[in-house]
$ cat query_1.csv   # CSV, C-alpha atoms
chain,number,residue,atom,x,y,z
X,175,MET,CA,-20.4,38.3,0.9
X,176,ASN,CA,-19.7,40.2,-2.3
X,177,PRO,CA,-15.9,40.2,-3.2
X,178,VAL,CA,-15.8,44.0,-3.2
X,179,THR,CA,-17.0,44.1,0.4
X,180,MET,CA,-14.6,41.4,1.7
X,181,PRO,CA,-12.1,42.8,4.1
X,182,LEU,CA,-9.2,41.8,1.9
X,183,GLY,CA,-10.9,42.2,-1.5
X,184,LYS,CA,-10.9,39.3,-4.0
X,185,ASP,CA,-7.3,38.3,-3.9
X,186,LEU,CA,-4.1,38.4,-1.8
X,187,VAL,CA,-1.2,39.1,-4.2
X,188,GLY,CA,1.0,41.1,-1.8
X,189,LEU,CA,1.2,43.2,1.4
X,190,GLU,CA,2.0,46.4,-0.5
X,191,GLY,CA,-1.1,48.5,-0.3
X,192,LEU,CA,-2.6,46.7,2.7
X,193,ASP,CA,-3.0,48.9,5.8
X,194,ALA,CA,-2.2,48.2,9.4
X,195,GLN,CA,-5.9,47.3,10.1
X,196,GLN,CA,-6.0,44.7,7.4
X,197,ILE,CA,-2.7,43.1,8.3
X,198,THR,CA,-3.7,43.0,12.0
X,199,MET,CA,-7.0,41.5,11.1
X,200,ILE,CA,-5.3,38.6,9.4
X,201,LEU,CA,-2.9,38.0,12.3
X,202,ASP,CA,-5.8,38.2,14.8
X,203,THR,CA,-7.9,35.8,12.7
X,204,ALA,CA,-5.0,33.4,12.7
X,205,GLU,CA,-4.9,33.2,16.5
X,206,PRO,CA,-8.0,31.0,17.0
X,207,PHE,CA,-7.0,28.8,14.1
X,208,LYS,CA,-3.8,27.8,15.9
X,209,GLU,CA,-5.7,25.6,18.3
X,210,ILE,CA,-7.1,23.4,15.4
X,211,SER,CA,-3.7,22.0,14.7
X,212,GLU,CA,-3.4,20.9,18.3
X,213,ARG,CA,-6.5,18.7,18.2
X,214,ARG,CA,-6.8,15.0,17.8
X,215,ILE,CA,-9.1,15.6,14.8
X,216,LYS,CA,-7.6,18.6,13.0
X,217,LYS,CA,-10.5,19.7,10.9
X,218,VAL,CA,-13.4,22.2,10.8
X,219,PRO,CA,-16.1,22.5,8.1
X,220,VAL,CA,-15.5,26.2,7.3
X,221,LEU,CA,-14.6,25.7,3.6
X,222,ARG,CA,-16.6,22.6,3.0
X,223,GLY,CA,-17.7,22.6,-0.7
X,224,LYS,CA,-14.9,25.0,-1.8
X,225,THR,CA,-12.4,23.8,-4.4
X,226,ILE,CA,-8.9,25.2,-4.2
X,227,VAL,CA,-6.1,24.5,-6.7
X,228,ASN,CA,-2.5,24.7,-5.7
X,229,LEU,CA,-0.7,25.7,-8.8
X,230,PHE,CA,3.0,25.6,-8.3
X,231,PHE,CA,5.4,26.5,-11.1
X,232,GLU,CA,8.5,26.5,-8.8
X,233,PRO,CA,9.7,23.8,-6.4
X,234,SER,CA,8.4,24.2,-2.8
X,235,THR,CA,8.1,22.1,0.3
X,236,ARG,CA,7.1,24.3,3.3
X,237,THR,CA,4.8,26.6,1.4
X,238,ARG,CA,3.0,24.0,-0.7
X,239,VAL,CA,2.5,21.6,2.2
X,240,SER,CA,1.5,24.4,4.6
X,241,PHE,CA,-1.2,25.6,2.2
X,242,GLU,CA,-2.4,22.0,1.7
X,243,PHE,CA,-2.7,21.4,5.4
X,244,ALA,CA,-4.5,24.8,5.8
X,245,GLU,CA,-7.0,23.8,3.1
X,246,LYS,CA,-7.7,20.4,4.4
X,247,ARG,CA,-8.0,21.5,8.0
X,248,LEU,CA,-10.7,23.9,6.7
X,249,SER,CA,-12.4,21.0,4.8
X,250,ALA,CA,-11.8,22.4,1.3
X,251,ASP,CA,-11.3,20.1,-1.7
X,252,THR,CA,-7.8,20.5,-3.0
X,253,VAL,CA,-6.0,19.8,-6.2
X,254,ASN,CA,-2.2,20.0,-6.5
X,255,ILE,CA,-0.7,20.9,-9.9
X,256,SER,CA,3.0,21.4,-10.7
X,257,SER,CA,4.4,22.7,-13.9
X,258,THR,CA,6.2,19.4,-14.7
X,259,GLY,CA,2.9,17.6,-14.4
X,260,SER,CA,0.7,20.0,-16.4
X,261,SER,CA,0.2,21.1,-20.0
X,262,VAL,CA,2.5,24.0,-19.4
X,263,THR,CA,5.3,21.6,-20.5
X,264,LYS,CA,3.4,21.4,-23.8
X,265,GLY,CA,3.4,25.2,-24.3
X,266,GLU,CA,0.1,26.1,-22.6
X,267,THR,CA,0.0,29.6,-21.3
X,268,LEU,CA,-0.7,30.5,-17.6
X,269,VAL,CA,-4.1,32.1,-18.5
X,270,ASP,CA,-5.2,29.1,-20.6
X,271,THR,CA,-4.2,26.7,-17.8
X,272,ALA,CA,-6.2,28.8,-15.3
X,273,ARG,CA,-9.2,29.2,-17.6
X,274,ASN,CA,-9.4,25.4,-18.1
X,275,LEU,CA,-9.4,25.0,-14.3
X,276,GLU,CA,-12.1,27.7,-14.1
X,277,ALA,CA,-14.2,25.6,-16.5
X,278,MET,CA,-14.1,22.9,-13.9
X,279,LYS,CA,-15.8,25.3,-11.4
X,280,ILE,CA,-13.0,26.0,-8.9
X,281,ASP,CA,-13.2,28.7,-6.2
X,282,MET,CA,-9.6,29.7,-5.5
X,283,VAL,CA,-6.1,29.4,-6.9
X,284,VAL,CA,-2.9,29.4,-4.7
X,285,MET,CA,0.0,30.0,-7.1
X,286,ARG,CA,3.8,30.1,-7.0
X,287,HIS,CA,5.5,31.4,-10.1
X,288,GLY,CA,9.0,32.4,-11.1
X,289,SER,CA,7.9,35.6,-12.8
X,290,SER,CA,7.3,38.8,-10.7
X,291,GLY,CA,3.7,40.0,-11.1
X,292,ALA,CA,2.4,36.6,-12.2
X,293,ALA,CA,-0.1,36.4,-9.3
X,294,ARG,CA,-1.6,39.9,-10.1
X,295,PHE,CA,-1.6,39.1,-13.8
X,296,LEU,CA,-3.7,35.9,-13.1
X,297,ALA,CA,-6.0,37.6,-10.6
X,298,GLU,CA,-7.0,40.3,-13.1
X,299,ARG,CA,-8.0,37.7,-15.6
X,300,ILE,CA,-10.0,35.0,-13.7
X,301,PRO,CA,-13.0,35.4,-11.4
X,302,SER,CA,-11.6,32.9,-8.9
X,303,MET,CA,-9.8,34.2,-5.9
X,304,VAL,CA,-6.0,34.2,-6.2
X,305,VAL,CA,-3.4,33.8,-3.4
X,306,ASN,CA,0.2,34.6,-4.1
X,307,ALA,CA,2.4,31.9,-2.8
X,308,GLY,CA,5.5,33.7,-4.1
X,309,ASP,CA,6.1,35.3,-7.5
X,310,GLY,CA,9.7,36.0,-8.7
X,311,ARG,CA,11.4,38.7,-6.8
X,312,HIS,CA,8.1,40.5,-6.1
X,313,GLU,CA,6.3,39.3,-2.9
X,314,HIS,CA,5.5,36.3,-0.7
X,315,PRO,CA,2.8,37.7,1.5
X,316,THR,CA,1.8,34.7,3.6
X,317,GLN,CA,5.5,34.1,4.6
X,318,ALA,CA,5.7,37.7,5.8
X,319,LEU,CA,2.4,37.3,7.7
X,320,LEU,CA,3.6,34.2,9.5
X,321,ASP,CA,6.9,36.1,10.3
X,322,LEU,CA,4.9,39.0,11.8
X,323,LEU,CA,2.7,36.6,13.8
X,324,THR,CA,5.8,34.8,15.2
X,325,ILE,CA,7.4,38.1,16.2
X,326,ARG,CA,4.2,39.3,17.8
X,327,ASP,CA,3.8,36.0,19.7
X,328,HIS,CA,7.2,36.2,21.2
X,329,LEU,CA,7.7,39.9,21.8
X,330,GLY,CA,4.0,41.0,22.3
X,331,ARG,CA,4.1,43.7,19.7
X,332,LEU,CA,5.5,44.9,16.4
X,333,GLU,CA,5.2,48.7,16.7
X,334,GLY,CA,8.6,50.2,17.7
X,335,LEU,CA,10.6,47.0,17.3
X,336,LYS,CA,13.8,47.0,15.3
X,337,VAL,CA,13.9,44.3,12.7
X,338,CYS,CA,16.9,43.6,10.5
X,339,ILE,CA,16.6,41.4,7.4
X,340,VAL,CA,20.1,39.9,6.7
X,341,GLY,CA,21.4,38.3,3.6
X,342,ASP,CA,20.3,37.9,0.0
X,343,VAL,CA,17.7,40.8,-0.1
X,344,LEU,CA,18.2,41.3,-3.9
X,345,HIS,CA,16.6,38.0,-4.9
X,346,SER,CA,14.1,37.8,-2.0
X,347,ARG,CA,10.4,38.2,-2.3
X,348,VAL,CA,10.2,37.4,1.4
X,349,ALA,CA,12.2,40.6,2.2
X,350,ARG,CA,9.9,42.8,0.2
X,351,SER,CA,6.8,41.5,1.8
X,352,ASN,CA,8.4,41.8,5.3
X,353,ILE,CA,9.4,45.4,4.7
X,354,PHE,CA,5.8,46.3,3.6
X,355,GLY,CA,4.2,44.5,6.5
X,356,LEU,CA,6.6,45.5,9.2
X,357,ARG,CA,6.6,49.2,8.3
X,358,ALA,CA,2.8,49.2,8.0
X,359,LEU,CA,2.6,48.0,11.7
X,360,GLY,CA,5.1,50.6,12.9
X,361,ALA,CA,8.3,48.6,13.2
X,362,GLN,CA,11.7,50.0,12.3
X,363,VAL,CA,13.3,48.0,9.5
X,364,ALA,CA,16.9,47.6,8.3
X,365,VAL,CA,18.7,45.3,5.8
X,366,CYS,CA,22.2,44.0,6.0
X,367,GLY,CA,24.3,42.3,3.4
X,368,PRO,CA,26.9,42.8,0.8
X,369,ARG,CA,26.0,45.6,-1.6
X,370,THR,CA,25.9,43.0,-4.5
X,371,LEU,CA,23.0,41.4,-2.7
X,372,LEU,CA,21.0,44.6,-1.9
X,373,PRO,CA,18.7,46.1,-4.5
X,374,VAL,CA,19.8,49.5,-5.8
X,375,GLY,CA,17.7,52.2,-4.0
X,376,ILE,CA,16.6,49.9,-1.2
X,377,GLU,CA,16.7,53.0,1.1
X,378,ASP,CA,13.7,54.3,-0.9
X,379,MET,CA,11.6,51.6,0.8
X,380,GLY,CA,12.2,53.4,4.1
X,381,VAL,CA,14.8,51.0,5.5
X,382,ARG,CA,18.1,51.5,7.1
X,383,VAL,CA,21.2,49.8,5.5
X,384,PHE,CA,24.0,48.1,7.5
X,385,GLY,CA,27.2,47.0,5.8
X,386,ARG,CA,28.3,44.9,8.8
X,387,VAL,CA,26.3,42.2,10.5
X,388,GLU,CA,27.9,43.1,13.9
X,389,ALA,CA,26.5,46.6,13.7
X,390,ALA,CA,23.1,45.2,12.7
X,391,MET,CA,23.0,42.9,15.7
X,392,GLU,CA,23.9,45.7,18.1
X,393,TRP,CA,20.9,47.6,16.8
X,394,ALA,CA,18.2,44.9,16.2
X,395,ASP,CA,15.6,43.2,18.4
X,396,VAL,CA,14.9,40.7,15.6
X,397,LEU,CA,17.0,39.2,12.8
X,398,ASN,CA,15.3,37.6,9.9
X,399,VAL,CA,18.0,35.7,8.2
X,400,LEU,CA,17.6,35.0,4.5
X,401,ARG,CA,18.9,32.1,2.5
X,402,LEU,CA,21.5,32.7,-0.2
X,403,GLN,CA,19.5,31.9,-3.3
X,404,LEU,CA,22.2,30.1,-5.2
X,405,GLU,CA,19.8,29.0,-7.9
X,406,ARG,CA,19.2,32.6,-8.9
X,407,MET,CA,22.9,33.6,-8.8
X,408,GLU,CA,24.5,33.3,-12.2
X,409,GLY,CA,27.0,36.1,-11.6
X,410,GLY,CA,29.7,36.4,-8.9
X,411,PHE,CA,27.5,38.0,-6.2
X,412,VAL,CA,29.8,36.7,-3.4
X,413,PRO,CA,33.4,35.5,-3.6
X,414,SER,CA,32.6,32.1,-2.0
X,415,LEU,CA,30.1,30.6,0.5
X,416,ARG,CA,32.9,30.3,3.1
X,417,GLU,CA,33.8,34.0,2.7
X,418,TYR,CA,30.1,35.0,3.0
X,419,ASN,CA,29.8,33.0,6.2
X,420,ARG,CA,33.0,34.6,7.6
X,421,ILE,CA,31.7,38.1,7.0
X,422,TYR,CA,27.9,37.9,7.2
X,423,GLY,CA,27.1,34.6,8.8
X,424,VAL,CA,24.9,34.7,12.0
X,425,SER,CA,26.9,32.8,14.6
X,426,ARG,CA,26.7,32.2,18.3
X,427,ALA,CA,29.9,34.2,18.8
X,428,ARG,CA,28.4,37.2,17.1
X,429,LEU,CA,25.1,36.9,19.1
X,430,GLU,CA,27.1,36.8,22.3
X,431,ALA,CA,29.2,39.8,21.3
X,432,ALA,CA,26.1,41.8,20.5
X,433,GLY,CA,25.0,41.5,24.1
X,434,ARG,CA,21.3,41.6,23.2
X,435,ASP,CA,18.5,39.1,23.4
X,436,ILE,CA,17.8,38.9,19.7
X,437,LEU,CA,15.0,36.8,18.2
X,438,ILE,CA,16.2,34.8,15.2
X,439,LEU,CA,13.9,34.0,12.2
X,440,HIS,CA,14.6,32.2,8.9
X,441,PRO,CA,12.0,31.6,6.2
X,442,GLY,CA,13.8,28.4,5.1
X,443,PRO,CA,15.2,26.3,3.6
X,444,MET,CA,18.4,27.0,5.5
X,445,ASN,CA,22.0,26.8,4.2
X,446,ARG,CA,23.5,25.8,7.5
X,447,GLY,CA,27.0,27.0,7.9
X,448,VAL,CA,26.5,29.7,5.3
X,449,GLU,CA,24.0,32.4,6.3
X,450,ILE,CA,23.3,30.8,9.7
X,451,ASP,CA,25.2,28.4,11.9
X,452,SER,CA,23.5,25.3,13.3
X,453,ASP,CA,24.0,26.3,17.0
X,454,VAL,CA,22.0,29.5,16.2
X,455,ALA,CA,19.3,27.8,14.1
X,456,ASP,CA,18.8,25.2,16.8
X,457,GLY,CA,19.6,27.5,19.8
X,458,PRO,CA,17.4,29.4,22.4
X,459,HIS,CA,17.1,32.5,20.3
X,460,SER,CA,15.6,30.7,17.3
X,461,VAL,CA,11.9,30.6,16.6
X,462,ILE,CA,12.3,29.0,13.2
X,463,LEU,CA,10.0,26.0,13.9
X,464,ASN,CA,7.4,28.3,15.4
X,465,GLN,CA,7.4,30.1,12.1
X,466,VAL,CA,6.5,26.8,10.4
X,467,THR,CA,3.7,26.1,12.8
X,468,ASN,CA,2.3,29.6,12.5
X,469,GLY,CA,2.4,29.3,8.7
X,470,VAL,CA,-0.6,26.9,8.7
X,471,ALA,CA,-2.7,29.1,11.0
X,472,VAL,CA,-1.9,32.2,8.9
X,473,ARG,CA,-2.8,30.5,5.7
X,474,MET,CA,-6.0,29.2,7.2
X,475,ALA,CA,-6.8,32.8,8.1
X,476,VAL,CA,-6.1,34.1,4.6
X,477,LEU,CA,-8.3,31.4,3.0
X,478,TYR,CA,-11.1,31.9,5.5
X,479,LEU,CA,-11.1,35.7,5.0
X,480,LEU,CA,-10.9,35.6,1.2
X,481,ALA,CA,-13.7,33.1,1.1
X,482,GLY,CA,-15.9,35.6,2.9
X,483,GLY,CA,-15.4,34.6,6.5
X,484,ALA,CA,-16.1,37.3,9.1
X,485,PRO,CA,-13.1,38.2,11.2
X,486,ASP,CA,-15.2,38.5,14.3
X,487,LYS,CA,-16.6,35.0,13.8
X,488,ALA,CA,-13.2,33.2,13.5
X,489,GLU,CA,-13.6,31.9,17.1
X,490,ALA,CA,-17.0,30.3,16.1
X,491,ALA,CA,-15.4,29.0,12.9
X,492,LYS,CA,-12.7,27.3,15.0
X,493,ARG,CA,-15.4,25.5,16.9
X,494,GLY,CA,-17.1,24.4,13.7
X,495,SER,CA,-20.0,26.7,14.2
X,496,ASP,CA,-21.6,28.9,11.5
X,497,ALA,CA,-19.0,31.6,10.6
$ encode --input "query_1.csv" --output "structure tokens"
Amino acid sequence: MNPVTMPLGKDLVGLEGLDAQQITMILDTAEPFKEISERRIKKVPVLRGKTIVNLFFEPSTRTRVSFEFAEKRLSADTVNISSTGSSVTKGETLVDTARNLEAMKIDMVVMRHGSSGAARFLAERIPSMVVNAGDGRHEHPTQALLDLLTIRDHLGRLEGLKVCIVGDVLHSRVARSNIFGLRALGAQVAVCGPRTLLPVGIEDMGVRVFGRVEAAMEWADVLNVLRLQLERMEGGFVPSLREYNRIYGVSRARLEAAGRDILILHPGPMNRGVEIDSDVADGPHSVILNQVTNGVAVRMAVLYLLAGGAPDKAEAAKRGSDA
């Protein structure tokens, strides 16, 4: 299949610009791949012969490991490279690193980078497919896709749902991708947090803004609770972690007071006792571990589709048949 005729194009650098049909196609393709992770032998030959490089310039556990599981379960050959273990520490540029990898005849790069736009920058300069595993404050498309799949799994739909993203929206690439994906599929989206942690003009993205978490919980069907990204906070964005938890923390008492059956998501890693209390994270409203499980299936779907797999043959691919 020619890259220009692939249903997603050559790369996945973000959800901005994808339409409802494309996003739904990814979610639907992920469904049959879920079952592979439940098997005794968790492997199908769909990407046999493909070489995928995981190029991570920022620390990651869930995303990196989830992509690696997805690649290996599709039988791809994988290489993991971090900035600390590469020639980047010697001053090599991102493009030179990628071009040297290209010279070794790779097929795809999964990249996490601290600079917004880095994934698109790379995708425009190399022929290999590029998947954005998070770039600066820009986007984290596969995280948003697994969030959408988890919501759909539990509530049966996305259209018309009220989803509020709570916390450090300012520094969050996850929030941006979720807003693009949720709105494309017809959900109502809101954000909630201190004004210091909300981007200026966030309303222009078509979202509602809540200043109080109690009001957000009275409105929402779903809360996606974001981590306070302390490593990106050099200024005084909040008075203290204790104060943030007192005003914006998602607690069992606040859930009970809302009087609604609210689904709780968190992209991880969690600061327990800061943005979310343990009895909520581990409670009956939480689907946080379901998100992690769905992450592997979603990333399998993305890799499969970018590599030219037909959406209507995903079921056959799951069985190891010709896709």
$ closest_residue --input "query_1.csv" --among "X:Arg347, X:Asn274, X:Arg236, X:Gly223" --to "Gly291 in chain X" --atoms "only C-alpha atoms"
X:Arg347
$ closest_residue --input "query_1.csv" --among "X:Gln362, X:Ser302, X:Ser425, X:Ser211" --to "Arg273 in chain X" --atoms "all atoms listed in the file"
X:Ser302
$ closest_residue --input "query_1.csv" --among "X:Val383, X:Ala394, X:Val269, X:Val343" --to "Ala361 in chain X" --atoms "only C-alpha atoms"
X:Ala394
$ residues_around --input "query_1.csv" --residues "Gln196 in chain X" --least-positions-apart "3" --cutoff "12 Å" --atoms "all atoms listed in the file" --output "PyMOL selection string"
chain X and resi 180-183+186+189-193+199-203+319+355+358-359+475-476+479+485
$ atom_distance --input "query_1.csv" --atom1 "CA of Glu205 in chain X" --atom2 "CA of Asp251 in chain X"
23.3 Å
